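Raw contents of start36.txt, compact mmCIF, C-alpha atoms:
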```txt
# COMPACT_ATOMS: atom_id res chain seq x y z
CA MET A 1 38.55 -149.94 -44.99
CA PHE A 2 38.33 -153.66 -45.66
CA GLU A 3 36.43 -154.54 -48.83
CA ALA A 4 35.98 -158.10 -49.97
CA ASP A 5 33.55 -160.95 -50.30
CA THR A 6 33.69 -164.68 -49.67
CA THR A 7 31.41 -165.88 -52.44
CA PRO A 8 32.80 -168.73 -54.53
CA ASP A 9 33.44 -168.94 -58.25
CA LEU A 10 30.39 -169.77 -60.38
CA PRO A 11 28.87 -173.08 -59.27
CA ARG A 12 29.05 -176.12 -61.46
CA GLY A 13 26.92 -179.23 -61.73
CA HIS A 14 23.68 -179.63 -59.84
CA TRP A 15 23.37 -176.05 -58.57
CA ARG A 16 23.32 -174.68 -62.11
CA VAL A 17 20.55 -177.16 -62.92
CA VAL A 18 18.58 -176.34 -59.77
CA LEU A 19 18.75 -172.60 -60.38
CA ALA A 20 17.81 -173.01 -64.04
CA VAL A 21 14.74 -175.06 -63.05
CA LEU A 22 13.74 -172.51 -60.40
CA ARG A 23 13.53 -169.82 -63.07
CA TRP A 24 10.54 -171.64 -64.54
CA VAL A 25 8.68 -173.00 -61.52
CA PRO A 26 6.11 -171.02 -59.47
CA GLN A 27 8.55 -169.89 -56.79
CA ALA A 28 5.99 -167.96 -54.74
CA GLY A 29 3.39 -170.75 -54.81
CA LEU A 30 5.85 -173.45 -53.82
CA SER A 31 7.19 -171.23 -51.05
CA ARG A 32 3.66 -170.65 -49.73
CA LEU A 33 3.10 -174.42 -49.71
CA LEU A 34 6.29 -174.93 -47.71
CA GLY A 35 5.06 -172.22 -45.36
CA ARG A 36 1.84 -174.12 -44.73
CA LEU A 37 3.84 -177.26 -43.96
CA ALA A 38 6.04 -175.30 -41.54
CA ASP A 39 2.87 -174.06 -39.80
CA LEU A 40 1.47 -177.55 -39.18
CA ARG A 41 0.78 -178.00 -35.48
CA LEU A 42 2.97 -180.66 -33.90
CA PRO A 43 1.51 -182.91 -31.21
CA ARG A 44 3.09 -181.86 -27.91
CA PRO A 45 4.63 -185.30 -27.22
CA LEU A 46 6.53 -185.09 -30.53
CA ARG A 47 7.79 -181.52 -30.29
CA ARG A 48 11.01 -182.18 -28.38
CA PHE A 49 11.99 -184.93 -30.79
CA VAL A 50 11.03 -183.12 -34.03
CA LEU A 51 12.34 -179.68 -33.10
CA GLY A 52 15.39 -181.08 -31.33
CA SER A 53 16.24 -183.12 -34.43
CA PHE A 54 15.83 -180.04 -36.61
CA ALA A 55 18.05 -178.00 -34.28
CA ARG A 56 20.78 -180.63 -34.34
CA ALA A 57 20.55 -181.01 -38.13
CA VAL A 58 21.05 -177.27 -38.78
CA GLY A 59 23.33 -176.56 -35.82
CA ALA A 60 20.98 -174.29 -33.85
CA ARG A 61 22.07 -173.63 -30.27
CA LEU A 62 19.41 -174.89 -27.87
CA SER A 63 21.12 -172.93 -25.09
CA GLU A 64 19.92 -169.78 -26.88
CA VAL A 65 16.26 -170.75 -27.09
CA GLU A 66 13.88 -168.72 -24.94
CA LYS A 67 11.36 -171.46 -24.11
CA PRO A 68 11.33 -175.27 -23.72
CA LEU A 69 10.94 -177.03 -27.07
CA ASP A 70 7.51 -178.42 -26.23
CA GLU A 71 6.15 -174.86 -26.03
CA TYR A 72 6.76 -174.26 -29.76
CA PRO A 73 3.67 -175.58 -31.59
CA SER A 74 5.24 -175.73 -35.08
CA LEU A 75 8.49 -175.59 -36.98
CA ASN A 76 7.77 -171.99 -37.94
CA ALA A 77 7.17 -171.04 -34.30
CA PHE A 78 10.57 -172.50 -33.40
CA PHE A 79 12.21 -170.83 -36.38
CA VAL A 80 11.16 -167.37 -35.21
CA ARG A 81 12.01 -168.14 -31.58
CA ARG A 82 13.24 -165.33 -29.37
CA LEU A 83 16.51 -165.27 -27.46
CA PRO A 84 16.63 -165.40 -23.66
CA PRO A 85 16.93 -161.89 -22.16
CA GLY A 86 20.52 -160.64 -21.95
CA THR A 87 21.87 -163.10 -24.53
CA ARG A 88 23.20 -160.37 -26.84
CA VAL A 89 25.07 -157.11 -26.19
CA TRP A 90 25.30 -153.75 -27.98
CA PRO A 91 28.18 -151.25 -28.29
CA ALA A 92 28.33 -148.66 -25.54
CA ASP A 93 28.57 -145.90 -28.18
CA PRO A 94 25.02 -145.21 -29.48
CA ALA A 95 26.48 -143.89 -32.77
CA VAL A 96 27.98 -147.28 -33.64
CA ALA A 97 25.70 -149.47 -35.77
CA GLY A 98 25.38 -152.95 -34.34
CA SER A 99 24.44 -155.99 -36.38
CA PRO A 100 20.66 -156.25 -36.71
CA VAL A 101 20.83 -160.05 -36.84
CA ASP A 102 22.81 -163.15 -36.05
CA GLY A 103 24.48 -164.19 -39.29
CA ILE A 104 27.58 -164.32 -41.45
CA VAL A 105 29.08 -161.26 -43.13
CA GLY A 106 29.03 -161.50 -46.92
CA SER A 107 30.11 -158.72 -49.26
CA VAL A 108 31.24 -155.45 -47.67
CA GLY A 109 32.30 -152.34 -49.52
CA THR A 110 31.71 -148.88 -50.94
CA ILE A 111 28.78 -147.92 -53.17
CA ARG A 112 30.28 -146.61 -56.42
CA ASP A 113 28.41 -145.38 -59.49
CA GLY A 114 25.15 -146.46 -57.88
CA THR A 115 26.18 -150.11 -57.52
CA ALA A 116 27.08 -152.53 -54.74
CA VAL A 117 28.95 -155.82 -54.99
CA GLN A 118 26.93 -159.03 -54.91
CA ALA A 119 29.76 -161.50 -55.58
CA LYS A 120 32.99 -161.81 -57.50
CA GLY A 121 32.39 -160.13 -60.85
CA ARG A 122 28.75 -159.36 -60.08
CA SER A 123 27.18 -156.15 -58.83
CA TYR A 124 23.65 -154.80 -58.59
CA SER A 125 21.93 -151.45 -58.80
CA VAL A 126 21.25 -149.76 -55.48
CA ALA A 127 18.32 -147.91 -57.08
CA ALA A 128 16.78 -151.22 -58.16
CA LEU A 129 17.37 -152.69 -54.70
CA LEU A 130 15.58 -149.75 -53.06
CA GLY A 131 12.72 -149.75 -55.53
CA ASP A 132 13.05 -145.96 -55.90
CA PRO A 133 15.80 -144.41 -58.08
CA ALA A 134 15.42 -141.05 -56.33
CA GLU A 135 16.81 -142.50 -53.10
CA ALA A 136 19.98 -144.05 -54.51
CA PRO A 137 22.10 -140.83 -54.57
CA VAL A 138 21.87 -140.64 -50.76
CA TYR A 139 24.18 -143.66 -50.60
CA GLU A 140 26.72 -142.79 -53.31
CA GLY A 141 30.15 -143.15 -51.71
CA GLY A 142 28.57 -144.78 -48.67
CA ARG A 143 28.92 -148.34 -47.42
CA PHE A 144 26.99 -151.56 -47.84
CA VAL A 145 27.06 -154.65 -45.62
CA THR A 146 25.45 -157.97 -46.55
CA LEU A 147 24.52 -160.42 -43.80
CA TYR A 148 23.51 -164.01 -44.54
CA LEU A 149 21.26 -165.98 -42.18
CA SER A 150 21.41 -169.77 -42.24
CA PRO A 151 18.65 -172.04 -40.86
CA ARG A 152 20.54 -172.33 -37.56
CA HIS A 153 20.47 -168.60 -36.84
CA TYR A 154 18.09 -166.49 -34.79
CA HIS A 155 15.77 -164.96 -37.39
CA ARG A 156 14.42 -161.77 -35.88
CA VAL A 157 15.76 -158.47 -37.24
CA HIS A 158 16.44 -155.52 -34.93
CA ALA A 159 17.24 -151.83 -35.34
CA PRO A 160 21.03 -151.37 -35.72
CA LEU A 161 20.73 -147.78 -34.43
CA GLY A 162 18.20 -145.66 -32.63
CA GLY A 163 16.23 -143.18 -34.73
CA THR A 164 12.99 -142.71 -36.62
CA ILE A 165 11.30 -144.53 -39.49
CA ALA A 166 9.44 -142.32 -41.96
CA VAL A 167 9.16 -144.73 -44.90
CA ALA A 168 8.88 -148.49 -45.32
CA ARG A 169 8.48 -150.34 -48.59
CA ARG A 170 7.66 -153.80 -49.90
CA VAL A 171 9.24 -154.43 -53.29
CA PRO A 172 7.71 -157.40 -55.19
CA GLY A 173 9.98 -159.82 -57.01
CA ARG A 174 11.15 -163.39 -57.47
CA LEU A 175 12.15 -165.87 -54.77
CA PHE A 176 15.46 -167.42 -55.76
CA PRO A 177 17.53 -169.07 -53.02
CA VAL A 178 20.11 -166.73 -51.48
CA ASN A 179 22.80 -169.30 -50.68
CA LEU A 180 26.33 -168.78 -51.95
CA PRO A 181 25.88 -170.57 -55.31
CA SER A 182 22.82 -168.44 -56.05
CA VAL A 183 24.62 -165.24 -55.06
CA ALA A 184 27.48 -166.18 -57.37
CA TYR A 185 25.33 -167.27 -60.31
CA VAL A 186 22.08 -165.22 -60.42
CA GLN A 187 22.73 -161.72 -61.75
CA ASP A 188 21.09 -158.93 -59.69
CA LEU A 189 19.80 -161.49 -57.20
CA PHE A 190 19.13 -159.09 -54.33
CA ALA A 191 17.36 -156.63 -56.63
CA LEU A 192 15.30 -159.45 -58.18
CA ASN A 193 13.95 -161.13 -55.04
CA GLU A 194 10.98 -159.83 -53.09
CA ARG A 195 12.10 -157.67 -50.18
CA VAL A 196 10.94 -155.41 -47.39
CA LEU A 197 12.87 -152.31 -46.33
CA CYS A 198 12.69 -149.46 -43.88
CA GLN A 199 14.59 -146.18 -43.76
CA LEU A 200 16.06 -145.23 -40.40
CA GLU A 201 17.06 -141.61 -39.76
CA SER A 202 19.88 -141.96 -37.24
CA GLU A 203 23.07 -140.41 -35.87
CA LEU A 204 24.85 -141.81 -38.93
CA GLY A 205 22.33 -140.25 -41.31
CA ARG A 206 19.80 -142.20 -43.33
CA VAL A 207 20.40 -145.94 -42.99
CA THR A 208 18.27 -148.38 -44.97
CA LEU A 209 17.74 -151.94 -43.80
CA ILE A 210 16.60 -154.37 -46.50
CA ALA A 211 15.24 -157.81 -45.62
CA VAL A 212 15.55 -160.00 -48.74
CA GLY A 213 13.14 -162.89 -49.13
CA ALA A 214 14.18 -166.25 -50.55
CA PHE A 215 12.79 -169.50 -51.90
CA ASN A 216 11.36 -171.65 -49.09
CA VAL A 217 8.49 -169.81 -47.35
CA ALA A 218 9.85 -166.23 -47.79
CA ARG A 219 7.49 -164.61 -45.30
CA ILE A 220 8.60 -161.40 -43.60
CA SER A 221 6.63 -159.86 -40.74
CA THR A 222 7.00 -156.23 -39.68
CA ALA A 223 7.02 -155.72 -35.91
CA PHE A 224 7.56 -151.97 -36.35
CA ASP A 225 4.16 -151.78 -38.10
CA PRO A 226 2.04 -154.89 -37.44
CA ASP A 227 -1.02 -153.21 -38.98
CA TRP A 228 0.68 -153.22 -42.40
CA ALA A 229 -0.01 -156.94 -42.74
CA GLY A 230 -3.75 -156.51 -42.14
CA SER A 231 -5.36 -159.83 -41.26
CA SER A 232 -2.16 -161.74 -42.03
CA ALA A 233 1.00 -161.99 -39.97
CA TRP A 234 3.44 -161.02 -42.73
CA VAL A 235 3.65 -158.63 -45.66
CA SER A 236 5.64 -160.64 -48.23
CA ASN A 237 4.88 -163.64 -50.46
CA ARG A 238 1.11 -163.29 -50.27
CA ARG A 239 -1.61 -163.85 -52.85
CA ASP A 240 -3.21 -160.63 -51.60
CA PRO A 241 -0.22 -158.35 -50.98
CA PRO A 242 -0.73 -155.23 -48.85
CA GLU A 243 0.04 -151.72 -50.03
CA PRO A 244 3.63 -151.46 -51.32
CA GLU A 245 4.70 -148.42 -49.31
CA ARG A 246 3.95 -146.94 -45.91
CA ALA A 247 4.76 -143.36 -44.88
CA TYR A 248 4.66 -142.37 -41.21
CA ASP A 249 3.79 -138.86 -40.07
CA PRO A 250 4.96 -138.42 -37.43
CA PRO A 251 7.81 -140.92 -38.01
CA LEU A 252 7.98 -144.03 -35.86
CA VAL A 253 10.52 -143.72 -33.05
CA VAL A 254 12.66 -146.81 -32.45
CA GLU A 255 15.48 -147.49 -30.02
CA ARG A 256 18.57 -149.44 -30.99
CA GLY A 257 17.81 -153.11 -30.52
CA THR A 258 14.07 -152.72 -31.14
CA GLU A 259 12.67 -155.65 -33.10
CA LEU A 260 11.80 -154.50 -36.63
CA MET A 261 11.04 -157.62 -38.64
CA ALA A 262 11.25 -161.39 -38.62
CA PHE A 263 12.02 -163.97 -41.32
CA HIS A 264 9.63 -166.91 -41.26
CA LEU A 265 12.30 -169.10 -42.90
CA GLY A 266 15.11 -167.25 -44.78
CA SER A 267 17.32 -165.21 -45.62
CA THR A 268 19.54 -162.10 -46.08
CA VAL A 269 19.77 -158.56 -44.68
CA ILE A 270 21.50 -155.71 -46.51
CA LEU A 271 22.43 -152.46 -44.76
CA LEU A 272 23.10 -149.25 -46.69
CA PHE A 273 24.97 -146.38 -45.01
CA PRO A 274 25.55 -142.85 -46.35
CA ARG A 275 28.91 -141.25 -47.12
CA GLY A 276 30.91 -140.45 -43.99
CA CYS A 277 30.54 -143.90 -42.45
CA ASP A 278 33.23 -146.54 -42.19
CA VAL A 279 33.12 -150.30 -41.75
CA MET A 280 34.76 -151.61 -38.57
CA SER A 281 37.13 -154.07 -40.20
CA THR A 282 37.99 -155.96 -37.01
CA THR A 283 34.40 -157.07 -36.51
CA CYS A 284 32.73 -156.63 -39.93
CA ARG A 285 34.92 -158.83 -42.09
CA PRO A 286 33.53 -161.04 -44.90
CA GLY A 287 33.10 -164.62 -43.75
CA ARG A 288 32.98 -163.67 -40.09
CA GLU A 289 30.16 -164.86 -37.84
CA VAL A 290 28.43 -161.95 -36.12
CA HIS A 291 25.77 -161.77 -33.47
CA LEU A 292 22.98 -159.33 -32.83
CA GLY A 293 24.71 -156.14 -31.64
CA THR A 294 28.19 -156.86 -33.01
CA PRO A 295 29.71 -153.46 -34.03
CA LEU A 296 29.60 -153.03 -37.82
CA VAL A 297 29.82 -149.37 -38.87
CA ARG A 298 30.70 -146.03 -37.28
CA VAL A 299 31.38 -142.43 -38.31
CA ALA A 300 34.57 -142.41 -40.39
CA ALA A 301 35.98 -139.38 -38.55
CA ARG A 302 36.32 -141.46 -35.40
CA GLY A 303 39.51 -142.91 -36.80
CA ASP A 304 40.74 -146.34 -37.75
CA LEU A 305 39.38 -148.91 -35.33
CA SER A 306 42.36 -151.18 -35.92
CA SER A 307 44.55 -148.84 -33.88
CA HIS A 308 42.17 -148.83 -30.91
CA ARG A 309 40.68 -151.38 -28.64
CA PRO A 310 37.13 -152.50 -29.56
CA PRO A 311 34.40 -150.41 -27.91
CA THR A 312 33.14 -151.33 -24.47
CA MET A 313 30.01 -153.43 -24.80
CA ALA A 314 26.86 -152.93 -22.76
CA ARG A 315 23.92 -155.24 -22.19
CA SER A 316 20.79 -154.51 -24.20
```

Can the structure from this file be put into structure tokens for me?
Amino acid sequence: MFEADTTPDLPRGHWRVVLAVLRWVPQAGLSRLLGRLADLRLPRPLRRFVLGSFARAVGARLSEVEKPLDEYPSLNAFFVRRLPPGTRVWPADPAVAGSPVDGIVGSVGTIRDGTAVQAKGRSYSVAALLGDPAEAPVYEGGRFVTLYLSPRHYHRVHAPLGGTIAVARRVPGRLFPVNLPSVAYVQDLFALNERVLCQLESELGRVTLIAVGAFNVARISTAFDPDWAGSSAWVSNRRDPPEPERAYDPPLVVERGTELMAFHLGSTVILLFPRGCDVMSTTCRPGREVHLGTPLVRVAARGDLSSHRPPTMARS
């Protein structure tokens, strides 16, 4: 099983200064202000120019945008754009976990002594990440996969497997950036930042998907439970946060590929898998670009993927 990360050595110069300053500024308040700016309605005649310029600046693929640019009323609306139908594919095997997002693979590895790797020389507590120490033993000896989303990526988060959701949780915290310098420099970054998670009971066992917020808006909406947000559209980075945990009885049934959440600017997704799962090293390799549905993890007993052809892919 391939275990590595692509995070750099500790940053020098301006990033150390920026991160030191961010420790003392009102991260949540500034992020909410940026969110209001991103929500400003653009005059229709300007939308193609403004949103097209943004797309070119960040490298977003306009061929993978569902609607014409002038139908997106704001930068935030464009940021959470949907993909045209049939743009992404899923593994034919329903027991293979596909990537829940478009992004770049970060650290990948095995959970040992209750910790996962954040960057070179830095790890974090799985119990702290989950916001419930009683749940951490489920993942001892299991796998973790970190996926980074840049501004150019599609920012909706989907179910990597079919199954049921019995528990979802919002864990309050800070809002540091989650770029590579921050990951390398800020100890326990993923367990410090505000995050939203849901537990998925699946063919691979209990899989937890954690959406980590970040400085710069940091709003996360929950499509699997839109009522959680109340009168708002998102559950994170709010002055009036909703209840921290939701339990579902009966559990919510979701199919693989079902939209679960969306980042309204940001960020990072972490997947936790129980013991008995293995990372598919040909497709889930640190530094590799992945798309929604790219095979990431399967049952370890299925053998080493490197000695077999990749699974047949089927349209979602």

(Q) Set the distance at 10 Å and use all atoms listed in the file: which residues neighbour Val117 in chain A once local chain neighbours fewer than 5 positions away are removed? I'd like the list as an NGL selection string. (A) :A and (3-5 or 106-112 or 122-126 or 144-146 or 188)

Q. Leaving out Pro137 in chain A and any residue of its chain fewer than 3 positions from it, which residues lie within 12 Å of it when counting only C-alpha atoms, given as a VMD selection string?
A. chain A and resid 111 to 115 125 to 127 130 132 to 134 140 to 142 206 272 to 275

Q.
For a test of reading the model, state the distance in Å between CA of Leu37 in chain A and CA of Pro172 in chain A, rounded to one decimal.
A. 23.1 Å

Using all atoms of range 279-288 of chain A that appear in the file, construct an axis-aligned enclosing box with 6 Å of padding on every side and provide its centre coordinates and edge lengths in Å, rounded to one decimal, as JSON.
```
{"center_x": 35.4, "center_y": -157.5, "center_z": -40.7, "size_x": 17.3, "size_y": 26.3, "size_z": 20.4}
```

(Q) Considering all atoms listed in the file, can you say which of A:Leu40, A:Ala119, A:Leu209, A:Ala223 comes closest to Glu259 in chain A? (A) A:Ala223

**Q.** Distance of CA of Met280 in chain A from CA of Ala300 in chain A, expressed in Å to one decimal place
**A.**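 Result for CA of Ala300 in chain A versus CA of Met280 in chain A: 9.4 Å, one decimal.
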
Q: List the neighbours of Leu161 in chain A out to 7 Å using all atoms listed in the file; skip same-chain residues closer than 3 positions along the sequence, and give me the result as a ChimeraX atom specification.
A: /A:97-98,202,255-256

(Q) Measuring between all atoms listed in the file, which one of A:Arg169, A:Arg152, A:His158, A:His291 shows the shortest distance to Gly52 in chain A? (A)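 Smallest separation from Gly52 in chain A among the options: A:Arg152.
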
Q) What gap, in Å, lies between CA of Tyr154 in chain A and CA of Val290 in chain A? A)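 Separation between CA of Tyr154 in chain A and CA of Val290 in chain A: 11.4 Å.
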
Q | Surrounding residues of Leu69 in chain A excluding itself and chain neighbours under 4 positions, 8 Å, all atoms listed in the file, as a list of chain:residue names | A |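 Contacts, in chain order: A:Arg47, A:Arg48, A:Leu51, A:Gly52, A:Phe78.
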
Taking the partial coordinates given, rebuild range 155-175 of chain A to contain N, CA, C and O atoms; return it as a PDB file, in the frame of the given file.
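Generated file (rebuild-v1.pdb):
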```
ATOM      1  N   HIS A 155      16.275-165.578 -36.170  1.00  0.00           N
ATOM      2  CA  HIS A 155      15.770-164.960 -37.390  1.00  0.00           C
ATOM      3  C   HIS A 155      14.903-163.726 -37.188  1.00  0.00           C
ATOM      4  O   HIS A 155      14.123-163.353 -38.071  1.00  0.00           O
ATOM      5  N   ARG A 156      15.070-163.067 -36.063  1.00  0.00           N
ATOM      6  CA  ARG A 156      14.420-161.770 -35.880  1.00  0.00           C
ATOM      7  C   ARG A 156      15.432-160.670 -36.206  1.00  0.00           C
ATOM      8  O   ARG A 156      16.628-160.826 -35.972  1.00  0.00           O
ATOM      9  N   VAL A 157      14.918-159.566 -36.745  1.00  0.00           N
ATOM     10  CA  VAL A 157      15.760-158.470 -37.240  1.00  0.00           C
ATOM     11  C   VAL A 157      15.499-157.240 -36.373  1.00  0.00           C
ATOM     12  O   VAL A 157      14.348-156.859 -36.169  1.00  0.00           O
ATOM     13  N   HIS A 158      16.568-156.620 -35.877  1.00  0.00           N
ATOM     14  CA  HIS A 158      16.440-155.520 -34.930  1.00  0.00           C
ATOM     15  C   HIS A 158      17.060-154.235 -35.499  1.00  0.00           C
ATOM     16  O   HIS A 158      17.846-154.275 -36.447  1.00  0.00           O
ATOM     17  N   ALA A 159      16.719-153.119 -34.889  1.00  0.00           N
ATOM     18  CA  ALA A 159      17.240-151.830 -35.340  1.00  0.00           C
ATOM     19  C   ALA A 159      18.729-151.727 -34.996  1.00  0.00           C
ATOM     20  O   ALA A 159      19.110-151.859 -33.833  1.00  0.00           O
ATOM     21  N   PRO A 160      19.590-151.478 -35.990  1.00  0.00           N
ATOM     22  CA  PRO A 160      21.030-151.370 -35.720  1.00  0.00           C
ATOM     23  C   PRO A 160      21.404-150.095 -34.995  1.00  0.00           C
ATOM     24  O   PRO A 160      22.479-150.000 -34.410  1.00  0.00           O
ATOM     25  N   LEU A 161      20.523-149.088 -35.060  1.00  0.00           N
ATOM     26  CA  LEU A 161      20.730-147.780 -34.430  1.00  0.00           C
ATOM     27  C   LEU A 161      19.375-147.271 -33.937  1.00  0.00           C
ATOM     28  O   LEU A 161      18.321-147.694 -34.420  1.00  0.00           O
ATOM     29  N   GLY A 162      19.415-146.350 -33.004  1.00  0.00           N
ATOM     30  CA  GLY A 162      18.200-145.660 -32.630  1.00  0.00           C
ATOM     31  C   GLY A 162      17.878-144.574 -33.640  1.00  0.00           C
ATOM     32  O   GLY A 162      18.776-144.042 -34.302  1.00  0.00           O
ATOM     33  N   GLY A 163      16.606-144.223 -33.779  1.00  0.00           N
ATOM     34  CA  GLY A 163      16.230-143.180 -34.730  1.00  0.00           C
ATOM     35  C   GLY A 163      14.753-143.200 -35.017  1.00  0.00           C
ATOM     36  O   GLY A 163      13.949-143.625 -34.185  1.00  0.00           O
ATOM     37  N   THR A 164      14.395-142.768 -36.209  1.00  0.00           N
ATOM     38  CA  THR A 164      12.990-142.710 -36.620  1.00  0.00           C
ATOM     39  C   THR A 164      12.813-143.341 -37.985  1.00  0.00           C
ATOM     40  O   THR A 164      13.706-143.268 -38.841  1.00  0.00           O
ATOM     41  N   ILE A 165      11.658-143.937 -38.201  1.00  0.00           N
ATOM     42  CA  ILE A 165      11.300-144.530 -39.490  1.00  0.00           C
ATOM     43  C   ILE A 165      10.182-143.702 -40.098  1.00  0.00           C
ATOM     44  O   ILE A 165       9.098-143.584 -39.520  1.00  0.00           O
ATOM     45  N   ALA A 166      10.455-143.119 -41.260  1.00  0.00           N
ATOM     46  CA  ALA A 166       9.440-142.320 -41.960  1.00  0.00           C
ATOM     47  C   ALA A 166       8.846-143.066 -43.136  1.00  0.00           C
ATOM     48  O   ALA A 166       7.710-142.799 -43.533  1.00  0.00           O
ATOM     49  N   VAL A 167       9.608-144.013 -43.705  1.00  0.00           N
ATOM     50  CA  VAL A 167       9.160-144.730 -44.900  1.00  0.00           C
ATOM     51  C   VAL A 167       9.535-146.198 -44.790  1.00  0.00           C
ATOM     52  O   VAL A 167      10.629-146.542 -44.335  1.00  0.00           O
ATOM     53  N   ALA A 168       8.618-147.059 -45.184  1.00  0.00           N
ATOM     54  CA  ALA A 168       8.880-148.490 -45.320  1.00  0.00           C
ATOM     55  C   ALA A 168       8.294-148.941 -46.651  1.00  0.00           C
ATOM     56  O   ALA A 168       7.304-148.370 -47.136  1.00  0.00           O
ATOM     57  N   ARG A 169       8.899-149.952 -47.242  1.00  0.00           N
ATOM     58  CA  ARG A 169       8.480-150.340 -48.590  1.00  0.00           C
ATOM     59  C   ARG A 169       8.582-151.850 -48.766  1.00  0.00           C
ATOM     60  O   ARG A 169       9.527-152.479 -48.283  1.00  0.00           O
ATOM     61  N   ARG A 170       7.615-152.396 -49.465  1.00  0.00           N
ATOM     62  CA  ARG A 170       7.660-153.800 -49.900  1.00  0.00           C
ATOM     63  C   ARG A 170       7.854-153.791 -51.411  1.00  0.00           C
ATOM     64  O   ARG A 170       7.044-153.227 -52.145  1.00  0.00           O
ATOM     65  N   VAL A 171       8.930-154.413 -51.865  1.00  0.00           N
ATOM     66  CA  VAL A 171       9.240-154.430 -53.290  1.00  0.00           C
ATOM     67  C   VAL A 171       8.979-155.849 -53.810  1.00  0.00           C
ATOM     68  O   VAL A 171       9.656-156.794 -53.398  1.00  0.00           O
ATOM     69  N   PRO A 172       8.006-156.049 -54.689  1.00  0.00           N
ATOM     70  CA  PRO A 172       7.710-157.400 -55.190  1.00  0.00           C
ATOM     71  C   PRO A 172       8.852-157.917 -56.052  1.00  0.00           C
ATOM     72  O   PRO A 172       9.651-157.145 -56.593  1.00  0.00           O
ATOM     73  N   GLY A 173       8.919-159.237 -56.188  1.00  0.00           N
ATOM     74  CA  GLY A 173       9.980-159.820 -57.010  1.00  0.00           C
ATOM     75  C   GLY A 173       9.927-161.327 -56.992  1.00  0.00           C
ATOM     76  O   GLY A 173       8.933-161.945 -56.608  1.00  0.00           O
ATOM     77  N   ARG A 174      11.033-161.936 -57.413  1.00  0.00           N
ATOM     78  CA  ARG A 174      11.150-163.390 -57.470  1.00  0.00           C
ATOM     79  C   ARG A 174      11.550-163.921 -56.103  1.00  0.00           C
ATOM     80  O   ARG A 174      11.723-163.155 -55.138  1.00  0.00           O
ATOM     81  N   LEU A 175      11.756-165.239 -56.034  1.00  0.00           N
ATOM     82  CA  LEU A 175      12.150-165.870 -54.770  1.00  0.00           C
ATOM     83  C   LEU A 175      13.210-166.930 -55.030  1.00  0.00           C
ATOM     84  O   LEU A 175      13.031-168.114 -54.722  1.00  0.00           O
TER      85      LEU A 175
END
```
